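Visitor: my_file_20.txt is the file, holding compact mmCIF, C-alpha atoms:
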```
# COMPACT_ATOMS: atom_id res chain seq x y z
CA MET A 1 8.99 43.53 33.20
CA HIS A 2 11.50 41.09 34.63
CA LYS A 3 8.75 39.24 36.47
CA SER A 4 6.66 38.88 33.28
CA LEU A 5 9.67 37.54 31.43
CA THR A 6 10.31 35.08 34.26
CA ILE A 7 6.73 33.84 34.06
CA MET A 8 7.01 33.37 30.29
CA ILE A 9 10.24 31.40 30.66
CA ILE A 10 8.74 29.24 33.38
CA SER A 11 5.70 28.58 31.17
CA VAL A 12 7.82 27.54 28.20
CA VAL A 13 10.01 25.35 30.38
CA GLY A 14 6.86 23.78 31.82
CA VAL A 15 5.53 22.85 28.39
CA PHE A 16 8.84 21.36 27.27
CA THR A 17 9.15 19.46 30.52
CA ALA A 18 5.71 18.02 29.87
CA LEU A 19 6.72 17.13 26.30
CA ALA A 20 9.79 15.32 27.56
CA SER A 21 7.70 13.37 30.03
CA LEU A 22 5.61 11.80 27.25
CA ASP A 23 6.08 8.14 26.42
CA GLY A 24 8.91 8.16 23.89
CA CYS A 25 7.78 7.41 20.32
CA LYS A 26 4.25 6.46 21.23
CA TYR A 27 2.73 8.95 18.81
CA LYS A 28 4.77 8.19 15.73
CA VAL A 29 6.04 5.31 13.67
CA ASN A 30 9.72 4.65 14.11
CA THR A 31 10.90 4.00 10.56
CA ASN A 32 14.15 2.51 11.84
CA ASN A 33 12.25 -0.39 13.36
CA PRO A 34 12.80 -3.38 10.99
CA GLN A 35 9.40 -4.86 11.87
CA VAL A 36 7.69 -1.62 10.88
CA VAL A 37 9.64 -1.39 7.62
CA TYR A 38 8.91 -5.04 6.82
CA ALA A 39 5.18 -4.71 7.51
CA ALA A 40 5.00 -1.57 5.38
CA THR A 41 6.95 -3.24 2.55
CA VAL A 42 4.73 -6.32 2.54
CA GLU A 43 1.59 -4.16 2.63
CA SER A 44 2.94 -2.18 -0.31
CA ALA A 45 3.49 -5.42 -2.24
CA ALA A 46 -0.07 -6.48 -1.40
CA ASN A 47 -1.27 -3.15 -2.77
CA LEU A 48 0.42 -3.60 -6.16
CA ASN A 49 -0.65 -7.25 -6.25
CA ASN A 50 -4.24 -6.13 -5.63
CA HIS A 51 -3.96 -3.36 -8.21
CA LEU A 52 -2.86 -5.87 -10.83
CA ALA A 53 -5.89 -8.03 -10.03
CA HIS A 54 -8.20 -5.10 -10.76
CA VAL A 55 -6.31 -4.14 -13.92
CA LEU A 56 -6.61 -7.78 -15.00
CA ILE A 57 -10.39 -7.48 -14.73
CA ASP A 58 -10.26 -4.50 -17.10
CA VAL A 59 -8.09 -6.19 -19.74
CA ASN A 60 -10.10 -9.39 -19.38
CA THR A 61 -13.26 -7.41 -20.14
CA PHE A 62 -11.44 -5.86 -23.09
CA ALA A 63 -10.43 -9.32 -24.32
CA GLU A 64 -13.98 -10.65 -24.00
CA GLN A 65 -15.16 -8.41 -26.84
CA TYR A 66 -12.96 -10.39 -29.21
CA GLN A 67 -14.50 -13.70 -28.27
CA SER A 68 -16.94 -13.38 -31.15
CA ALA A 69 -15.31 -10.57 -33.16
CA ASP A 70 -11.90 -12.20 -33.46
CA PRO A 71 -11.84 -15.60 -31.73
CA GLU A 72 -8.27 -16.31 -32.78
CA TYR A 73 -7.06 -13.20 -30.97
CA TYR A 74 -9.25 -13.99 -27.97
CA ASN A 75 -7.68 -17.44 -27.81
CA LYS A 76 -4.28 -15.79 -27.69
CA LEU A 77 -5.22 -13.44 -24.84
CA LYS A 78 -7.49 -15.46 -22.59
CA PRO A 79 -5.19 -18.33 -21.57
CA TRP A 80 -2.42 -15.84 -20.93
CA LEU A 81 -4.59 -13.62 -18.75
CA VAL A 82 -5.71 -16.65 -16.76
CA LYS A 83 -2.09 -17.66 -16.15
CA VAL A 84 -1.24 -14.13 -15.02
CA ALA A 85 -4.20 -14.20 -12.61
CA GLN A 86 -3.12 -17.59 -11.27
CA ALA A 87 0.44 -16.35 -10.75
CA ASN A 88 -0.98 -13.26 -9.05
CA ASP A 89 -2.95 -15.53 -6.71
CA LYS A 90 0.23 -17.40 -5.75
CA ALA A 91 1.94 -14.09 -5.06
CA ALA A 92 -1.01 -12.96 -2.94
CA LEU A 93 -0.81 -16.10 -0.79
CA ALA A 94 2.97 -15.73 -0.44
CA ILE A 95 2.48 -12.10 0.62
CA LEU A 96 -0.09 -13.21 3.19
CA LEU A 97 2.37 -15.75 4.59
CA ALA A 98 5.05 -13.05 4.74
CA SER A 99 2.71 -10.85 6.78
CA LYS A 100 2.18 -13.75 9.16
CA GLY A 101 5.89 -14.17 9.88
CA ASP A 102 7.29 -16.17 6.96
CA THR A 103 10.70 -14.60 6.43
CA SER A 104 11.78 -16.79 3.48
CA ASN A 105 11.16 -13.88 1.12
CA SER A 106 9.39 -16.28 -1.25
CA TRP A 107 6.86 -13.54 -1.95
CA ARG A 108 9.48 -11.69 -3.95
CA GLY A 109 10.02 -14.76 -6.11
CA ALA A 110 6.27 -15.09 -6.55
CA ILE A 111 6.08 -11.48 -7.72
CA LEU A 112 8.93 -12.16 -10.17
CA ALA A 113 6.88 -15.08 -11.52
CA VAL A 114 3.90 -12.75 -12.05
CA VAL A 115 6.11 -10.29 -13.90
CA ALA A 116 7.59 -13.07 -16.06
CA GLN A 117 4.16 -14.45 -16.89
CA ALA A 118 2.78 -11.01 -17.69
CA GLN A 119 5.73 -10.22 -19.97
CA SER A 120 5.58 -13.57 -21.77
CA VAL A 121 3.01 -12.31 -24.28
CA ASP A 122 2.90 -9.08 -26.26
CA PRO A 123 -0.80 -8.50 -26.92
CA THR A 124 -0.01 -5.96 -29.64
CA VAL A 125 1.73 -8.56 -31.80
CA PHE A 126 -0.99 -10.20 -33.85
CA GLY A 127 -2.27 -10.16 -37.41
CA PHE A 128 -5.23 -7.96 -36.61
CA LYS A 129 -8.01 -7.94 -39.18
CA ASN A 130 -8.77 -4.35 -38.27
CA PRO A 131 -5.56 -2.19 -38.21
CA LYS A 132 -7.14 0.10 -35.61
CA THR A 133 -7.27 -2.78 -33.16
CA LYS A 134 -3.54 -2.62 -32.41
CA ALA A 135 -3.86 0.98 -31.18
CA ASP A 136 -6.87 -0.02 -29.06
CA VAL A 137 -4.88 -2.88 -27.55
CA GLN A 138 -1.96 -0.61 -26.71
CA ILE A 139 -4.28 1.74 -24.87
CA ALA A 140 -6.16 -1.07 -23.12
CA PHE A 141 -2.98 -2.71 -21.84
CA ALA A 142 -1.09 0.46 -20.89
CA GLY A 143 -2.22 0.30 -17.26
CA PHE A 144 -1.60 -3.43 -17.11
CA PHE A 145 2.03 -3.14 -18.18
CA ALA A 146 2.58 -0.04 -16.05
CA THR A 147 1.53 -2.07 -13.00
CA VAL A 148 3.68 -5.03 -14.02
CA ASN A 149 6.68 -2.76 -14.51
CA ALA A 150 6.07 -1.19 -11.11
CA MET A 151 5.99 -4.64 -9.52
CA ALA A 152 9.29 -5.51 -11.19
CA ALA A 153 10.91 -2.23 -10.22
CA SER A 154 9.71 -2.25 -6.63
CA PHE A 155 9.91 -5.89 -5.62
CA GLY A 156 11.32 -8.01 -8.40
CA GLY A 157 14.96 -7.17 -8.10
CA LYS A 158 15.74 -8.09 -4.52
CA MET B 1 4.61 40.15 41.20
CA ASP B 2 2.94 38.44 44.09
CA PRO B 3 4.87 35.19 44.79
CA ALA B 4 1.57 33.39 45.38
CA LEU B 5 0.40 34.37 41.89
CA LEU B 6 3.66 33.10 40.41
CA VAL B 7 3.24 29.75 42.17
CA ALA B 8 -0.34 29.54 40.93
CA LEU B 9 0.80 30.17 37.36
CA ILE B 10 3.49 27.49 37.59
CA LYS B 11 0.89 25.03 38.88
CA LEU B 12 -1.42 25.95 35.99
CA VAL B 13 1.30 25.32 33.41
CA GLY B 14 2.05 21.99 35.06
CA ALA B 15 -1.61 21.02 34.96
CA VAL B 16 -2.31 21.82 31.30
CA GLY B 17 1.21 20.98 30.12
CA PRO B 18 0.76 17.26 29.34
CA GLU B 19 -2.46 17.79 27.34
CA LEU B 20 -0.92 20.70 25.47
CA ALA B 21 2.21 18.67 24.81
CA LYS B 22 0.19 15.74 23.48
CA ALA B 23 -1.71 18.06 21.16
CA ILE B 24 1.58 19.45 19.86
CA VAL B 25 3.06 15.98 19.33
CA ASP B 26 -0.09 14.77 17.57
CA ALA B 27 0.01 17.80 15.29
CA ILE B 28 3.68 17.24 14.47
CA HIS B 29 3.21 13.56 13.69
CA GLY B 30 0.05 13.89 11.64
CA ASN B 31 -2.32 12.28 14.05
CA PRO B 32 -5.19 14.78 14.04
CA GLN B 33 -7.59 12.40 15.75
CA GLY B 34 -5.22 12.24 18.67
CA GLN B 35 -5.06 8.47 18.25
CA ALA B 36 -1.88 7.03 19.65
CA GLU B 37 -0.18 4.28 17.66
CA THR B 38 2.86 2.37 18.77
CA ASP B 39 5.18 0.56 16.37
CA ALA B 40 3.57 -2.74 17.34
CA GLU B 41 0.10 -1.35 16.66
CA TYR B 42 1.27 -0.05 13.29
CA VAL B 43 2.57 -3.51 12.36
CA VAL B 44 -0.77 -5.06 13.31
CA ARG B 45 -2.63 -2.45 11.26
CA MET B 46 -0.41 -3.06 8.21
CA ASN B 47 -0.83 -6.83 8.51
CA THR B 48 -4.60 -6.41 8.77
CA LEU B 49 -4.59 -4.25 5.64
CA THR B 50 -2.43 -6.84 3.87
CA ALA B 51 -4.87 -9.60 4.75
CA LYS B 52 -7.79 -7.56 3.41
CA LEU B 53 -5.93 -6.76 0.19
CA VAL B 54 -5.03 -10.42 -0.31
CA ALA B 55 -8.64 -11.50 0.19
CA ASP B 56 -9.78 -8.93 -2.37
CA THR B 57 -7.03 -9.98 -4.79
CA LEU B 58 -8.06 -13.63 -4.62
CA ALA B 59 -11.72 -12.74 -5.14
CA THR B 60 -10.87 -10.45 -8.05
CA ASP B 61 -8.49 -12.87 -9.75
CA ALA B 62 -11.17 -15.54 -9.47
CA LYS B 63 -13.34 -13.50 -11.82
CA VAL B 64 -10.68 -13.83 -14.52
CA ILE B 65 -9.82 -17.43 -13.76
CA GLY B 66 -13.36 -18.59 -13.05
CA ASP B 67 -14.90 -17.66 -16.38
CA ASP B 68 -11.99 -19.19 -18.23
CA SER B 69 -13.14 -20.93 -21.35
CA GLY B 70 -10.05 -20.50 -23.41
CA SER B 71 -7.43 -22.52 -21.58
```
Could you express the structure from this file as structure tokens?
Guide:
Amino acid sequence: MHKSLTIMIISVVGVFTALASLDGCKYKVNTNNPQVVYAATVESAANLNNHLAHVLIDVNTFAEQYQSADPEYYNKLKPWLVKVAQANDKAALAILLASKGDTSNSWRGAILAVVAQAQSVDPTVFGFKNPKTKADVQIAFAGFFATVNAMAASFGGK
Amino acid sequence: MDPALLVALIKLVGAVGPELAKAIVDAIHGNPQGQAETDAEYVVRMNTLTAKLVADTLATDAKVIGDDSGS
């Protein structure tokens, strides 16, 4: 009985000795490493930036239907959406620079500019010919503004 | 117990220990493929992902900007 117990203890000690002999943190990400945190933060910004680009495609498609149905409303939306896309491009390039070692943090300012541009127009404020259109617009832009708000909350304030 | 058997068992534990330990560490740290990743490798992977996302963002934004007829 004692011998069996001794063998078990030796086995356990052997496994833990082997564990201790492994190469430190090789198999995990050390979240205290500033370079790791920075790379993850910048990648997260790139993700939201990319998400906004795809949401922009959706609202742009939504806006296109008004080109003939309500040109005045289309002319309100289209230039604004283009400016948001252009600001999003600038943010994307700033994020890319940040991932390549630019530590000026200008990407945060670029994201703030996207947020400001996106919030400069309220697409629901318009003298719609069809009263139902306002509800459609609110639904169509819900994802757009949710993404913009997420960008502001996550990266705009610092 | 035969001392020779005990020595043999200790040698066996020593031999399989590192592989077993690696499997345990991989399981704990969510690396089921057993793929090791250092901090530096993680940073490179994140930066590669960022570059891909930026390329897609520029291409996607271009679809909104490119067909602009209203500005």
Visitor: In Å, with one decimal, what is the gap from CA of Gln86 in chain A to CA of Val64 in chain B?
Guide: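 Pair CA of Gln86 in chain A / CA of Val64 in chain B returns 9.0 Å.
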Visitor: Could you check how far CA of Val114 in chain A sits from CA of Ala146 in chain A, in Å to one decimal?
Guide: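 Atom-to-atom, CA of Val114 in chain A to CA of Ala146 in chain A, that is 13.4 Å.
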Visitor: Counting only C-alpha atoms, I want the residues whose atoms come within 12 Å of (-7.0, -7.6, -10.0) in the file frame, returned as a PyMOL selection string.
Guide: (chain A and resi 46-61+81-82+84-89+92+143-144+147-148) or (chain B and resi 53-65)
Visitor: I want to know what sits within 9 Å of range 122-126 of chain A, based on all atoms listed in the file, with residues of the same chain fewer than 2 positions away left out; could you give that as a list in words?
Guide: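 My reading of the contact set: Tyr73, Lys76, Leu77, Ala118, Gln119, Ser120, Phe128, Thr133, Lys134, Ala135, Val137, Gln138 and Phe141 of chain A.
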Visitor: CA of Ala39 in chain A and CA of Tyr42 in chain B, how far apart in Å?
Guide: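 Computing it gives 8.4 Å between the two atoms.
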Visitor: I need range 45-58 of chain B written out with all heavy atoms, as a short mmCIF file (atom, residue, chain, number, x, y, z; two decimals), in the first residue's frame; please produce it.
Guide:
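Result written to out.cif:
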```cif
data_model
loop_
_atom_site.label_atom_id
_atom_site.label_comp_id
_atom_site.auth_asym_id
_atom_site.auth_seq_id
_atom_site.Cartn_x
_atom_site.Cartn_y
_atom_site.Cartn_z
N ARG B 45 0.48 38.20 -35.65
CA ARG B 45 -0.82 37.71 -36.15
C ARG B 45 -1.87 38.82 -36.10
O ARG B 45 -2.64 39.00 -37.04
CB ARG B 45 -1.27 36.50 -35.32
CG ARG B 45 -2.54 35.86 -35.83
CD ARG B 45 -2.72 34.46 -35.26
NE ARG B 45 -2.85 34.44 -33.82
CZ ARG B 45 -4.02 34.64 -33.18
NH1 ARG B 45 -5.11 34.87 -33.87
NH2 ARG B 45 -4.07 34.59 -31.86
N MET B 46 -1.89 39.59 -35.00
CA MET B 46 -2.85 40.70 -34.90
C MET B 46 -2.58 41.75 -35.98
O MET B 46 -3.51 42.28 -36.60
CB MET B 46 -2.76 41.35 -33.50
CG MET B 46 -3.37 40.54 -32.39
SD MET B 46 -5.14 40.26 -32.61
CE MET B 46 -5.12 38.54 -33.10
N ASN B 47 -1.32 42.07 -36.20
CA ASN B 47 -0.98 43.09 -37.20
C ASN B 47 -1.33 42.61 -38.62
O ASN B 47 -1.74 43.41 -39.46
CB ASN B 47 0.51 43.45 -37.10
CG ASN B 47 0.81 44.26 -35.86
OD1 ASN B 47 -0.10 44.81 -35.23
ND2 ASN B 47 2.07 44.34 -35.48
N THR B 48 -1.19 41.31 -38.84
CA THR B 48 -1.58 40.76 -40.14
C THR B 48 -3.09 40.86 -40.32
O THR B 48 -3.58 41.25 -41.40
CB THR B 48 -1.13 39.29 -40.24
OG1 THR B 48 0.28 39.23 -40.05
CG2 THR B 48 -1.49 38.70 -41.60
N LEU B 49 -3.82 40.53 -39.26
CA LEU B 49 -5.29 40.65 -39.32
C LEU B 49 -5.70 42.10 -39.55
O LEU B 49 -6.61 42.38 -40.35
CB LEU B 49 -5.90 40.15 -38.00
CG LEU B 49 -6.06 38.64 -37.83
CD1 LEU B 49 -6.52 38.31 -36.42
CD2 LEU B 49 -7.05 38.08 -38.84
N THR B 50 -5.02 43.02 -38.87
CA THR B 50 -5.33 44.45 -39.03
C THR B 50 -5.13 44.88 -40.48
O THR B 50 -5.98 45.57 -41.05
CB THR B 50 -4.43 45.29 -38.08
OG1 THR B 50 -4.75 44.95 -36.73
CG2 THR B 50 -4.65 46.78 -38.29
N ALA B 51 -4.03 44.45 -41.06
CA ALA B 51 -3.74 44.81 -42.45
C ALA B 51 -4.82 44.28 -43.39
O ALA B 51 -5.26 44.97 -44.32
CB ALA B 51 -2.37 44.29 -42.86
N LYS B 52 -5.27 43.06 -43.14
CA LYS B 52 -6.33 42.48 -43.99
C LYS B 52 -7.64 43.23 -43.82
O LYS B 52 -8.36 43.49 -44.79
CB LYS B 52 -6.53 41.00 -43.62
CG LYS B 52 -5.44 40.08 -44.13
CD LYS B 52 -5.71 38.64 -43.74
CE LYS B 52 -4.60 37.72 -44.24
NZ LYS B 52 -4.78 36.33 -43.76
N LEU B 53 -7.95 43.59 -42.58
CA LEU B 53 -9.19 44.33 -42.32
C LEU B 53 -9.14 45.70 -42.99
O LEU B 53 -10.13 46.15 -43.58
CB LEU B 53 -9.40 44.49 -40.80
CG LEU B 53 -9.88 43.24 -40.06
CD1 LEU B 53 -9.71 43.40 -38.56
CD2 LEU B 53 -11.35 42.96 -40.39
N VAL B 54 -7.99 46.36 -42.91
CA VAL B 54 -7.85 47.68 -43.52
C VAL B 54 -8.02 47.58 -45.04
O VAL B 54 -8.72 48.40 -45.65
CB VAL B 54 -6.49 48.31 -43.15
CG1 VAL B 54 -6.19 49.52 -44.03
CG2 VAL B 54 -6.48 48.72 -41.68
N ALA B 55 -7.42 46.58 -45.64
CA ALA B 55 -7.55 46.40 -47.09
C ALA B 55 -9.01 46.20 -47.48
O ALA B 55 -9.50 46.78 -48.46
CB ALA B 55 -6.71 45.20 -47.55
N ASP B 56 -9.71 45.40 -46.70
CA ASP B 56 -11.14 45.16 -46.97
C ASP B 56 -11.96 46.42 -46.75
O ASP B 56 -12.88 46.71 -47.51
CB ASP B 56 -11.66 44.02 -46.09
CG ASP B 56 -13.11 43.68 -46.41
OD1 ASP B 56 -13.35 43.09 -47.48
OD2 ASP B 56 -14.01 44.02 -45.61
N THR B 57 -11.60 47.18 -45.72
CA THR B 57 -12.32 48.43 -45.43
C THR B 57 -12.19 49.41 -46.60
O THR B 57 -13.18 50.00 -47.05
CB THR B 57 -11.77 49.08 -44.14
OG1 THR B 57 -11.99 48.19 -43.06
CG2 THR B 57 -12.44 50.42 -43.85
N LEU B 58 -10.97 49.55 -47.10
CA LEU B 58 -10.73 50.49 -48.21
C LEU B 58 -11.50 50.05 -49.46
O LEU B 58 -12.11 50.88 -50.15
CB LEU B 58 -9.23 50.60 -48.51
CG LEU B 58 -8.36 51.18 -47.38
CD1 LEU B 58 -6.88 51.14 -47.77
CD2 LEU B 58 -8.78 52.60 -47.04
#
```
